[in-house]
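Read the structure below first, then the notes.
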Amino acid sequence: MAEIYNNPGNIQIGQGFAGTVGEYASGRKGGGKQPYVEFDSPQMGLRAIYKDLRSKVNTFDGDVAKIISKYAPNNENKTQAYIDNVIKQIGSDTITADNIDEAVRAIVRHENGTNSETTKYYLDDPNLLKEAKELAKHNMPATMTYKKAAETYLPTKEIVKETQEVVEPEKQSSLEYVPQFTGQET
């Protein structure tokens, strides 16, 4: 599998998305091209796609052709093929709240290859998309990490091994809380 930068949408630097930890492909500078953002987790990379799409849906009234032309301009992409691909995958020429998940999946597939290991990495675990979508509902500074965002915005479940022993109070603070999206709105 290719190196993972947690950026399944090939989001370029300079947009200020949360979870940013660096950049890669710095040789892309010039001609309107920018290096790509490296995110601290797959959720934050997927979140960036959701945030970017939602912004463009509002700007372009959901028009796939206008959204993809802005997202993937023809100086870097075969934009019409990209547009056709997204329309085919979402079954509409308009991105809405009802099909934005499919639009995100279409972008991940287009950017990384339909059946590539990288695409599977991002799309095979439905919890990644659920968490990313939930996190995309919130504005966050670029410096916010996935761990902090999950602690702040995602519902949590206490993960504790079942044992017969009593946990002493001084050890209770060491119990780890692992954020997991439950699929319920908060």
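Ordered as shown in the structure tokens, chains take letters A, B, and onward, while each chain numbers its residues from 1 and ligands are numbered from 1 in the order shown.
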Per residue of segment 10-113 of chain A within 10 Å of segment 132-147 of chain A, record the nearest atom pair and its distance in Å to one decimal, counting only C-alpha atoms, with rows in chain order and ascending residue number, as CSV.
```
residue,atom,partner,partner_atom,distance
A:Gln15,CA,A:Ala142,CA,8.8
A:Gly16,CA,A:Ala142,CA,5.1
A:Phe17,CA,A:Ala142,CA,4.9
A:Ala18,CA,A:Ala142,CA,3.7
A:Gly19,CA,A:Thr145,CA,4.6
A:Thr20,CA,A:Ala142,CA,5.9
A:Val21,CA,A:Thr143,CA,8.0
A:Phe39,CA,A:Thr145,CA,8.7
A:Asp40,CA,A:Tyr146,CA,6.6
A:Ser41,CA,A:Tyr146,CA,6.4
A:Pro42,CA,A:Ala132,CA,8.4
A:Gln43,CA,A:Ala132,CA,4.8
A:Met44,CA,A:Tyr146,CA,6.3
A:Gly45,CA,A:Ala132,CA,8.0
A:Leu46,CA,A:Ala132,CA,5.6
A:Arg47,CA,A:Ala132,CA,4.4
A:Ala48,CA,A:Ala136,CA,7.3
A:Ile49,CA,A:Ala136,CA,8.8
A:Tyr50,CA,A:Ala136,CA,6.1
A:Lys51,CA,A:Ala136,CA,5.6
A:Asp52,CA,A:Ala136,CA,9.4
A:Arg54,CA,A:Ala136,CA,9.0
A:Ile100,CA,A:Lys133,CA,9.5
A:Asp101,CA,A:Lys133,CA,8.2
A:Val104,CA,A:Lys133,CA,9.8
```
Just N, CA, C and O atoms for this one: save the residues we selected as a JSON list (two decimals), in the first residue's frame.
```json
[["chain", "number", "residue", "atom", "x", "y", "z"],
["A", 15, "GLN", "N", -5.77, 25.65, 3.64],
["A", 15, "GLN", "CA", -7.20, 25.77, 3.88],
["A", 15, "GLN", "C", -7.55, 25.75, 5.37],
["A", 15, "GLN", "O", -8.69, 25.97, 5.74],
["A", 16, "GLY", "N", -6.56, 25.46, 6.22],
["A", 16, "GLY", "CA", -6.75, 25.56, 7.65],
["A", 16, "GLY", "C", -7.61, 24.49, 8.29],
["A", 16, "GLY", "O", -8.24, 24.74, 9.32],
["A", 17, "PHE", "N", -7.66, 23.29, 7.71],
["A", 17, "PHE", "CA", -8.46, 22.24, 8.30],
["A", 17, "PHE", "C", -7.82, 21.68, 9.57],
["A", 17, "PHE", "O", -6.60, 21.57, 9.67],
["A", 18, "ALA", "N", -8.66, 21.32, 10.53],
["A", 18, "ALA", "CA", -8.20, 20.73, 11.78],
["A", 18, "ALA", "C", -7.48, 19.41, 11.50],
["A", 18, "ALA", "O", -7.79, 18.72, 10.53],
["A", 19, "GLY", "N", -6.53, 19.09, 12.37],
["A", 19, "GLY", "CA", -5.80, 17.84, 12.24],
["A", 19, "GLY", "C", -4.58, 17.93, 11.34],
["A", 19, "GLY", "O", -3.89, 16.94, 11.12],
["A", 20, "THR", "N", -4.27, 19.10, 10.85],
["A", 20, "THR", "CA", -3.12, 19.30, 9.98],
["A", 20, "THR", "C", -1.83, 19.10, 10.77],
["A", 20, "THR", "O", -1.65, 19.71, 11.82],
["A", 21, "VAL", "N", -0.95, 18.24, 10.27],
["A", 21, "VAL", "CA", 0.33, 18.01, 10.95],
["A", 21, "VAL", "C", 1.52, 18.23, 10.04],
["A", 21, "VAL", "O", 2.66, 18.15, 10.48],
["A", 39, "PHE", "N", -2.72, 14.86, 7.44],
["A", 39, "PHE", "CA", -3.59, 14.92, 8.62],
["A", 39, "PHE", "C", -3.14, 13.90, 9.65],
["A", 39, "PHE", "O", -2.50, 12.91, 9.32],
["A", 40, "ASP", "N", -3.53, 14.12, 10.90],
["A", 40, "ASP", "CA", -3.10, 13.25, 11.99],
["A", 40, "ASP", "C", -3.89, 11.95, 12.09],
["A", 40, "ASP", "O", -3.52, 11.07, 12.85],
["A", 41, "SER", "N", -4.97, 11.83, 11.33],
["A", 41, "SER", "CA", -5.79, 10.61, 11.38],
["A", 41, "SER", "C", -6.62, 10.52, 10.10],
["A", 41, "SER", "O", -6.87, 11.53, 9.45],
["A", 42, "PRO", "N", -7.07, 9.32, 9.77],
["A", 42, "PRO", "CA", -7.95, 9.20, 8.60],
["A", 42, "PRO", "C", -9.26, 9.97, 8.81],
["A", 42, "PRO", "O", -9.80, 10.55, 7.85],
["A", 43, "GLN", "N", -9.76, 10.02, 10.04],
["A", 43, "GLN", "CA", -11.00, 10.74, 10.32],
["A", 43, "GLN", "C", -10.87, 12.22, 9.98],
["A", 43, "GLN", "O", -11.79, 12.81, 9.42],
["A", 44, "MET", "N", -9.73, 12.81, 10.32],
["A", 44, "MET", "CA", -9.56, 14.25, 10.06],
["A", 44, "MET", "C", -9.39, 14.52, 8.56],
["A", 44, "MET", "O", -9.83, 15.56, 8.06],
["A", 45, "GLY", "N", -8.77, 13.59, 7.84],
["A", 45, "GLY", "CA", -8.68, 13.73, 6.39],
["A", 45, "GLY", "C", -10.04, 13.62, 5.73],
["A", 45, "GLY", "O", -10.39, 14.40, 4.83],
["A", 46, "LEU", "N", -10.84, 12.67, 6.17],
["A", 46, "LEU", "CA", -12.21, 12.52, 5.66],
["A", 46, "LEU", "C", -13.07, 13.72, 6.08],
["A", 46, "LEU", "O", -13.90, 14.21, 5.30],
["A", 47, "ARG", "N", -12.86, 14.20, 7.30],
["A", 47, "ARG", "CA", -13.59, 15.38, 7.77],
["A", 47, "ARG", "C", -13.33, 16.57, 6.84],
["A", 47, "ARG", "O", -14.25, 17.33, 6.52],
["A", 48, "ALA", "N", -12.09, 16.72, 6.40],
["A", 48, "ALA", "CA", -11.76, 17.83, 5.51],
["A", 48, "ALA", "C", -12.55, 17.75, 4.21],
["A", 48, "ALA", "O", -13.00, 18.77, 3.68],
["A", 49, "ILE", "N", -12.75, 16.53, 3.69],
["A", 49, "ILE", "CA", -13.56, 16.38, 2.47],
["A", 49, "ILE", "C", -14.99, 16.82, 2.76],
["A", 49, "ILE", "O", -15.59, 17.57, 1.98],
["A", 50, "TYR", "N", -15.56, 16.34, 3.86],
["A", 50, "TYR", "CA", -16.92, 16.75, 4.22],
["A", 50, "TYR", "C", -17.04, 18.27, 4.34],
["A", 50, "TYR", "O", -17.97, 18.88, 3.80],
["A", 51, "LYS", "N", -16.10, 18.89, 5.06],
["A", 51, "LYS", "CA", -16.15, 20.34, 5.25],
["A", 51, "LYS", "C", -16.03, 21.06, 3.91],
["A", 51, "LYS", "O", -16.79, 22.01, 3.64],
["A", 52, "ASP", "N", -15.10, 20.63, 3.08],
["A", 52, "ASP", "CA", -14.90, 21.26, 1.78],
["A", 52, "ASP", "C", -16.13, 21.09, 0.90],
["A", 52, "ASP", "O", -16.60, 22.05, 0.28],
["A", 54, "ARG", "N", -19.28, 20.50, 1.86],
["A", 54, "ARG", "CA", -20.42, 21.27, 2.39],
["A", 54, "ARG", "C", -20.30, 22.74, 2.01],
["A", 54, "ARG", "O", -21.30, 23.38, 1.64],
["A", 100, "ILE", "N", -24.45, 13.15, 0.42],
["A", 100, "ILE", "CA", -23.09, 13.65, 0.64],
["A", 100, "ILE", "C", -22.13, 12.52, 1.03],
["A", 100, "ILE", "O", -20.96, 12.54, 0.66],
["A", 101, "ASP", "N", -22.62, 11.50, 1.76],
["A", 101, "ASP", "CA", -21.75, 10.37, 2.10],
["A", 101, "ASP", "C", -21.26, 9.67, 0.84],
["A", 101, "ASP", "O", -20.08, 9.34, 0.73],
["A", 104, "VAL", "N", -18.62, 11.82, -0.85],
["A", 104, "VAL", "CA", -17.31, 11.68, -0.19],
["A", 104, "VAL", "C", -16.66, 10.37, -0.64],
["A", 104, "VAL", "O", -15.48, 10.34, -1.00]]
```
Surrounding residues of segment 116-118 of chain A excluding itself and chain neighbours under 5 positions, 12 Å, only C-alpha atoms, as number ranges by chain = A: 1-9, 42, 108-111, 123-124
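Restricting the calculation to only C-alpha atoms, the smallest distance between Lys33 of chain A and any of A:Leu53, A:Ile67, A:Ala72, A:Ala150 is found for A:Ala72.
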request  = Fewer than 5 positions away in the same chain doesn't count, so skip those; otherwise give me all residues within 6 Å of Glu23 of chain A, counting only C-alpha atoms, as a list in words.
outcome  =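 Non-adjacent residues within range: Tyr36, Val37 and Glu38 of chain A.
Among the candidates A:Thr94, A:Asn75, A:Asn127, A:Asn85, the one nearest to Ile107 of chain A when counting only C-alpha atoms is A:Asn85.
Close contacts of segment 76-81 of chain A, defined as residues with an atom at most 12 Å away when counting only C-alpha atoms, with chain neighbours fewer than 2 positions off set aside, comprise A:Asn10, A:Gln12, A:Arg28, A:Lys29, A:Gly30, A:Gly31, A:Gly32, A:Lys33, A:Gln34, A:Val64, A:Ala65, A:Lys66, A:Ile67, A:Ile68, A:Ser69, A:Lys70, A:Tyr71, A:Ala72, A:Pro73, A:Asn74, A:Ile83, A:Asp84, A:Asn85, A:Val86, A:Ile87, A:Lys88, A:His110, A:Glu111.
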Write a file of the just-selected residues containing C-alpha atoms, as a PDB file, in the first residue's frame.
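File written: out.pdb
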```pdb
ATOM      1  CA  ASN A  10      -5.773  15.167  -1.758  1.00  0.00           C
ATOM      2  CA  GLN A  12      -4.061  21.076  -0.621  1.00  0.00           C
ATOM      3  CA  ARG A  28       3.847  20.402  -6.747  1.00  0.00           C
ATOM      4  CA  LYS A  29       4.350  24.150  -6.148  1.00  0.00           C
ATOM      5  CA  GLY A  30       3.723  26.457  -9.086  1.00  0.00           C
ATOM      6  CA  GLY A  31       1.113  26.661 -11.814  1.00  0.00           C
ATOM      7  CA  GLY A  32      -1.683  26.885  -9.244  1.00  0.00           C
ATOM      8  CA  LYS A  33      -0.593  23.632  -7.612  1.00  0.00           C
ATOM      9  CA  GLN A  34       0.098  23.375  -3.906  1.00  0.00           C
ATOM     10  CA  VAL A  64     -21.751  18.521  -9.084  1.00  0.00           C
ATOM     11  CA  ALA A  65     -20.136  20.017 -12.197  1.00  0.00           C
ATOM     12  CA  LYS A  66     -19.418  23.338 -10.479  1.00  0.00           C
ATOM     13  CA  ILE A  67     -18.313  21.683  -7.224  1.00  0.00           C
ATOM     14  CA  ILE A  68     -15.889  19.252  -8.870  1.00  0.00           C
ATOM     15  CA  SER A  69     -14.601  21.937 -11.260  1.00  0.00           C
ATOM     16  CA  LYS A  70     -13.586  23.928  -8.178  1.00  0.00           C
ATOM     17  CA  TYR A  71     -12.426  20.878  -6.153  1.00  0.00           C
ATOM     18  CA  ALA A  72     -10.413  19.312  -8.985  1.00  0.00           C
ATOM     19  CA  PRO A  73      -9.601  22.015 -11.578  1.00  0.00           C
ATOM     20  CA  ASN A  74      -8.597  20.987 -15.084  1.00  0.00           C
ATOM     21  CA  ILE A  83     -17.592  15.027 -12.712  1.00  0.00           C
ATOM     22  CA  ASP A  84     -19.053  12.109 -14.679  1.00  0.00           C
ATOM     23  CA  ASN A  85     -17.629   9.650 -12.157  1.00  0.00           C
ATOM     24  CA  VAL A  86     -19.154  11.446  -9.159  1.00  0.00           C
ATOM     25  CA  ILE A  87     -22.535  11.830 -10.864  1.00  0.00           C
ATOM     26  CA  LYS A  88     -22.561   8.138 -11.716  1.00  0.00           C
ATOM     27  CA  HIS A 110     -11.524   8.782  -7.672  1.00  0.00           C
ATOM     28  CA  GLU A 111      -8.498  10.194  -5.880  1.00  0.00           C
TER      29      GLU A 111
END
```
task = Can you work out which one of A:Ala106, A:Ala25, A:Ile95, A:Leu128 has the shortest atom-to-atom distance to Asn58 of chain A, counting only C-alpha atoms?
result =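 Closest to Asn58 of chain A, using only C-alpha atoms: A:Ile95.
The interatomic distance for the pair atom CA of Thr119 of chain A and atom CA of Arg105 of chain A works out to 8.9 Å.
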